[in-house]
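Below: the structure, in C-alpha cells.
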Amino acid sequence: MPCMLIDPSQKYKPYTPLHLPNRQWPARRSTAPPIWLSTDLRDGNQALANPMTIEQKTTFFELLVECGYKEIEVAYPAASDTDYNFVRGLIQKNQIPDDVWVQVLTPAREDLIRRTVDSVAGSKKAIIHMYNATSPLFRGVVFKNSKEETIQLAVKHTELVRRLTEECTERHGTIFRYEYSPETFSQTEPEFAVEICDAVKEAWGKAGTETLSRIIFNLPATVEIAPPNHFADLVEYFHTHISEREKLLISLHPHNDRGTGIAAAELGILAGADRVEGCLFGNGERTGNVDLVNLALNYYTQGIHPNVDFSDIQRIIDIVTQCNDLPVHPRHPYAGELVFTAFSGSHQDAIKKGFEDQAKRHTLARSRGESEIWEMPYLPIDPADLGQTYEAVIRVNSQSGKGGVAYLVKQCLHLDLPRKMQIAFYQVVQSVADREAREMTVDDITTAFRETYHFGGGKYEGRLALRSFKISSAPHPDAADEGEDIRQFDGTFSVDGILRVIRGDGNGPISALLNALRTHLDIDLALREYSEHSIDTEADLQNSRAASYIELVPVNDRKSAHSWWGVGVDRDIAGSGLRAVLSAVNSHIGDRPLPELKLSVGFNARSGQSTVASAILNSLGLELPRRLQAAFFEVVQRAAVDSGGLISHDALSVLFKESYGYDSPPGRLSLKSFELDRAEGGTRVTGEFVLEDKVQRVKGVGNGPLSALLACLHQVVDGSLVIREYSEHALGQGTEVGAASYVELVYEVTVGERVRKTAGWGVVSDTDIAASGLHAVMSAASRVGVVWKTQASSL
C-alpha cells in the first residue's frame with residue numbers, strides 16, 4: 001500500500017525564498033485593524049457540500065451586517081440562478097444598509113462580467129471583483145497562455161468592467177469600486193504580479209488617493225505553499241514595487257493549506273496590506289480561508305478593537321453552523337467549547353488563584369479609577385467579553401487537582417471550601433473519575449458534593465435532618481460559673497424518617513447540639529475545625545446567607561486521622577453551623593443503627609405547625625401549603641386536648657383524612673366525569689355533577705380548568721365561590737408518579753337578610769394533575785355549606 005516516502009525531496013520541491021535583504025515587516029507592530037471583507041456567502045458557500053439556500057444566505061447576510069462588516073462578498077452571480085437571484089433579492093427588498101458595500105465575483109470573461117454587473121444594478125454601492133490566474137502552473141498547464149496573453153486578458157476585461165459599470169451608474173446611480181485578483185498570487189513570480197497589476201491599474205484609469213476611489217488589489221494565497229514569513233515577503237515586495245501605491249488598497253486572501261493562514265494574514269498586514277478577505281470560523285475550499293473571528297479577536301486581545309462585534313459568539317456559532325451545516329471544532333480558537341477549559345490540575349490551580357488575585361487587583365484599580373486589566377493564567381481573553389460564562393473554564397477528569405474541583409464548587413454552589421476540606425472532597429472526585437475513566441462534568445461534581453455532604457435537602461438529605469430548632473440562654477447550673485450563661489438547644493429532627501425532639505446544653509449552639517446528639521442518639525463527636533463565610537447575593541444583599549464548614553473527630557481523640565467534614569448554609573449563622581454539624585454527622589453514622597425512637601409525638605399548644613405538617617408528609621406524602629398547615633393545626637390542637645395531650649402518628653393521619661375527606665368517598669357534591677377542551681375565551685369544562693346523589697350535566701368556560709369549573713358550580717349554587725388558594729405537587733416517583741392538589745374555597749351567600757361567609761379546603765390526589773385540581777375544588781365545595789339554586793334542588 002502507498003506510504004510516505006523516505007526521501008520526499010524526490011517528489012516535492014521546496015518553495016523558493018524571496019531575496020528581500022531590507023525587509024521591514026519583522027520590526028513593525030499592528031496598531032489598528034485592517035479593512036474586513038467577509039466572503040462567507042461566496043468563497044465559503046462554494047466550498048459547501050450543500051450550498052446555502054437563498055433563505056440561509058439571507059440569514060447569514062443579516063448576521064454579517066449585525067456583526068459590523070461593511071464589505072461583504074455576497075455571490076458569484078454568473079455561476080447560478082440562485083446566486084444571481086439572491087443578489088437581486090437583497091437589492092429589490094432594500095436589505096443592504098447604506099454603509100455596506102456588496103461585492104460580487106467574476107472571472108475575466110465578457111459574458112460573465114455582463115451578468116455580474118447586471119446583478120448589482122440598482123444597488124447603492126457595489127464592488128466588482130475580477131480575477132484571472134497568473135502563476136506559471138496555471139499559465140502553462142491550465143490556460144496555455146504566455147505572460148503577455150495573461151496581461152492582455154486582464155487589461156481587456158478590466159476595460160470592459162469600467163465601461164459597463166459607468167453605463168450602469170448612468171442608468172441606475174450605482175456607485176462602483178473595482179477589485180482585481182491575480183489568482184494564485186503566492187505561486188506567481190513577484191515581479192510579474194506587480195507588472196500585471198500595474199497594467200490593470202492603468203486600464204482602470206480611475207484610481208485616486210481617496211480611500212473609496214482606490215483600486216483594490218487582492219493578493220490571494222490561493223494555495224498556501226510556503227511559511228507565513230515568505231507570504232509576508234511577497235506582500236512587502238508588492239507593497240514597495242507597485243507604482244502609485246497611494247492609489248490602491250492591498251487586500252489579502254489567505255488560505256490555510258499549511259495551517260498558517262492566520263499567521264500569514266497578520267504578517268501580511270505588517271508587510272503593508274490594508275484589507276483581509278476571509279470567512280467566519282475559517283470555512284472555505286479544502287482547509288478553508290483565513291478565519292475572520294480568530295484574526296479579529298487576536299487584535300482584540302492586544303487592546304485593539306477590531307471594529308466587528310462578537311459579543312454573543314454562541315449565537316454567531318449557532319447561525320453559522322446552521323447555514324453551513326459544518327460544526328465548529330471543540331478546540332477552535334475563541335469559539336470551541338473547550339477553548340476556555342482546563343483539565344490539568346496545575347492549570348486549574350493557576351486559574352483559580354488567578355481569579356482570586358484578579359478580583360483583588362480590580363477592586364484596587366476601581367478605587368483608583370484605573371483600568372481593570374485582564375491578566376489571567378491560560379486565558380488570553382475574558383470569556384464574558386464573548387457572552388460566555390465561566391462555567392466551563394475548569395472541567396475535571398482523572399488528571400485534575402483539588403484546586404480545580406474547589407473552583408467549580410465555588411462557582412456553582414458558592415462555597416469556598418477550606419483547604420483540608422478541598423483535599424477530602426478531591427479524594428471523592430478522584431475516586432469516581434478513576435473508576436469511571438471519564439470526564440467529571442459540573443453536574444457530576446456538584447452531585448457528588450451534595451451526596452457526600454448531604455447538601456441541598458431533598459434527595460440528598462441524610463438520615464438526620466433538622467426540621468426546626470430554638471437556641472436559648474439559661475444560667476449555668478454550676479454556681480462557680482455565675483455570670484456565664486449556657487446555650488440550650490431544642491430541636492425537631494427527622495431521624496430515619498421519624499420526627500423526634502432532642503435537647504442539649506453547651507457553651508454555644510454547636511456544642512449544645514453535639515451534647516444533644518450524644519444524649520439522645522449516642523453520637524459522640526467533638527469539633528476540631530470550624531470556618532464560615534457569607535454568600536452575598538449581589539442583587540439583594542439583605543438576602544445574604546451564611547456558609548459554615550465543620551470538621552468532627554471522635555470525642556476522645558482530637559488528633560485522630562479519621563475525621564468527617566460537613567457544610568451547612570442558612571440565612572442565620574447559627575443555623576448554618578448546626579446544619580454543618582448534621583452534614584458531618586450523617587457521613588459519620590453511615591448505615592449503623594441508631595437508638596430506637598418513640599413512635600408517638602405530643603401535639604399540644606407548644607407544638608408547631610411545621611411539626612404537624614412534617615408528620616403528615618411522613619405518613620401521607622402530602623406537602624401541605626402554609627394556610628392549610630395553620631388550619632389543620634387548629635384541628636389537631638382540639639383533638640389533642642380531647643385525647644389527653646397526645647395523639648399518635650396513625651391517629652393524626654386518620655384525623656386529617658376525616659377533616660378534609662382525603663382518600664375518602666365523595667361528599668355531598670362531586671364530579672362524576674368531565675371533559676376539557678378549548679373554547680372561545682379560554683377553557684371549557686363539560687361535566688356531570690353529583691348533587692346529593694342526583695346527577696346534572698353542566699358546562700362552563702373560564703380562563704383555565706378551575707375557573708371553568710367554578711362557572712359550572714355557579715349554575716347550580718346560590719351565592720359566589722372564589723378560590724382563595726391553590727397549590728399542587730407531584731406525588732410518588734417514577735412510573736407511579738401522580739399529583740396532589742389543594743384548594744381553599746371561600747363561599748358567600750345571602751340567606752334571608754344575613755350574609756353568610758365560609759371557607760373550606762379540598763385535598764385530592766390523582767394520577768392526572770387536571771383531575772386532582774378539579775376534584776379538589778368539588779371536595780372543598782362540599783365543606784362550605786353551599787345552598788342549591790331552586791332548579792338544582794328540584795332535581
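Each chain in the C-alpha cells gets a letter, A, B and so on, in the order shown; residues start at 1 in every chain, and ligands are counted from 1 in the order they appear.
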DSSP on the backbone, then: every residue of segment 86-253 of chain A marked strand (DSSP E), written as a count of residues only.
-> 38
Skip Ala759 of chain A itself and residues of its chain fewer than 4 positions away, then list as a VMD selection string all residues within 10 Å of it, counting only C-alpha atoms.
-> chain A and resid 721 to 724 744 to 748 780 to 781 783 to 785
Export of the given selection (N, CA and C atoms) as a compact mmCIF listing (two decimals), in the first residue's frame:
```txt
# COMPACT_ATOMS: atom_id res chain seq x y z
N LEU A 721 -68.60 31.55 44.76
CA LEU A 721 -67.47 30.74 45.19
C LEU A 721 -66.19 31.34 44.59
N VAL A 722 -65.19 31.52 45.43
CA VAL A 722 -63.93 32.09 44.98
C VAL A 722 -62.79 31.21 45.49
N ILE A 723 -61.82 30.94 44.62
CA ILE A 723 -60.64 30.19 45.05
C ILE A 723 -59.66 31.15 45.71
N ARG A 724 -59.44 30.95 47.00
CA ARG A 724 -58.51 31.82 47.73
C ARG A 724 -57.07 31.33 47.56
N GLU A 744 -58.47 26.00 48.52
CA GLU A 744 -59.27 26.65 49.56
C GLU A 744 -60.32 27.51 48.88
N LEU A 745 -61.59 27.19 49.15
CA LEU A 745 -62.71 27.95 48.59
C LEU A 745 -63.30 28.87 49.64
N VAL A 746 -63.68 30.06 49.21
CA VAL A 746 -64.44 30.98 50.05
C VAL A 746 -65.84 31.10 49.45
N TYR A 747 -66.86 30.85 50.27
CA TYR A 747 -68.25 30.85 49.79
C TYR A 747 -69.02 31.94 50.52
N GLU A 748 -69.70 32.75 49.73
CA GLU A 748 -70.51 33.83 50.31
C GLU A 748 -71.90 33.75 49.72
N ALA A 780 -63.70 20.77 48.27
CA ALA A 780 -63.81 21.97 49.09
C ALA A 780 -65.23 22.50 49.09
N ALA A 781 -65.90 22.45 47.91
CA ALA A 781 -67.28 22.94 47.82
C ALA A 781 -68.22 22.15 48.71
N ARG A 783 -67.59 21.24 51.59
CA ARG A 783 -67.35 21.56 53.00
C ARG A 783 -67.70 22.99 53.38
N VAL A 784 -68.24 23.76 52.44
CA VAL A 784 -68.53 25.16 52.76
C VAL A 784 -70.02 25.43 52.91
N GLY A 785 -70.84 24.36 52.88
CA GLY A 785 -72.27 24.54 53.11
C GLY A 785 -72.98 25.27 51.99
```
Test item, helix (DSSP H, G or I) assignment across segment 61-187 of chain A, answer as a PyMOL selection string | chain A and resi 61-67+77-79+81-92+110-119+136-142+147-172+185-187
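Our summary of the geometry notes that atom CA of Ala640 of chain A is positioned 13.0 Å from atom CA of Phe656 of chain A.
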Contacts of Arg668 of chain A within 10 Å, only C-alpha atoms, excl. fewer than 3 positions in-chain, as an MDAnalysis selection string | chainID A and resid 665 690:694 778:779 781:783 785:786
The selected residues should be written to file as a PDB file, in the first residue's frame (atoms: C-alpha atoms).
```pdb
ATOM      1  CA  PRO A 665     -65.774   8.669  49.425  1.00  0.00           C
ATOM      2  CA  VAL A 690     -73.448  14.641  41.578  1.00  0.00           C
ATOM      3  CA  LEU A 691     -75.572  16.881  43.807  1.00  0.00           C
ATOM      4  CA  GLU A 692     -76.525  14.894  46.893  1.00  0.00           C
ATOM      5  CA  ASP A 693     -76.804  11.680  44.862  1.00  0.00           C
ATOM      6  CA  LYS A 694     -78.531  13.358  41.897  1.00  0.00           C
ATOM      7  CA  MET A 778     -65.501  19.821  44.394  1.00  0.00           C
ATOM      8  CA  SER A 779     -64.201  18.438  47.699  1.00  0.00           C
ATOM      9  CA  ALA A 781     -67.279  22.944  47.821  1.00  0.00           C
ATOM     10  CA  SER A 782     -68.728  20.029  49.769  1.00  0.00           C
ATOM     11  CA  ARG A 783     -67.348  21.557  53.005  1.00  0.00           C
ATOM     12  CA  GLY A 785     -72.275  24.537  53.108  1.00  0.00           C
ATOM     13  CA  VAL A 786     -73.358  25.566  49.616  1.00  0.00           C
TER      14      VAL A 786
END
```
Residue neighbourhood segment 412-420 of chain A, 9 Å, only C-alpha atoms, exclusion window fewer than 2 positions, as JSON, numbers by chain | {"A": [391, 402, 406, 407, 408, 409, 410, 422, 423, 424, 425, 442, 446, 531, 532, 533, 535, 547, 549, 567]}
re atom CA of Ser765 of chain A and atom CA of Gly621 of chain A: distance 10.4 Å
Residue contacts of Pro21 of chain A (12 Å, only C-alpha atoms) excluding same-chain residues fewer than 3 positions away, as an MDAnalysis selection string | chainID A and resid 17:18 24:26 233 236:237
Same residues, C-alpha atoms, saved as a PDB file, in the first residue's frame:
```
ATOM      1  CA  PRO A  17      12.721  32.167  -0.872  1.00  0.00           C
ATOM      2  CA  LEU A  18      12.458  35.768  -1.981  1.00  0.00           C
ATOM      3  CA  GLN A  24      10.736  45.946   7.176  1.00  0.00           C
ATOM      4  CA  TRP A  25       7.765  43.895   8.331  1.00  0.00           C
ATOM      5  CA  PRO A  26       9.525  41.979  11.179  1.00  0.00           C
ATOM      6  CA  ASP A 233       7.949  38.890   1.931  1.00  0.00           C
ATOM      7  CA  GLU A 236       6.124  43.609   1.118  1.00  0.00           C
ATOM      8  CA  TYR A 237       7.713  43.231  -2.309  1.00  0.00           C
TER       9      TYR A 237
END
```
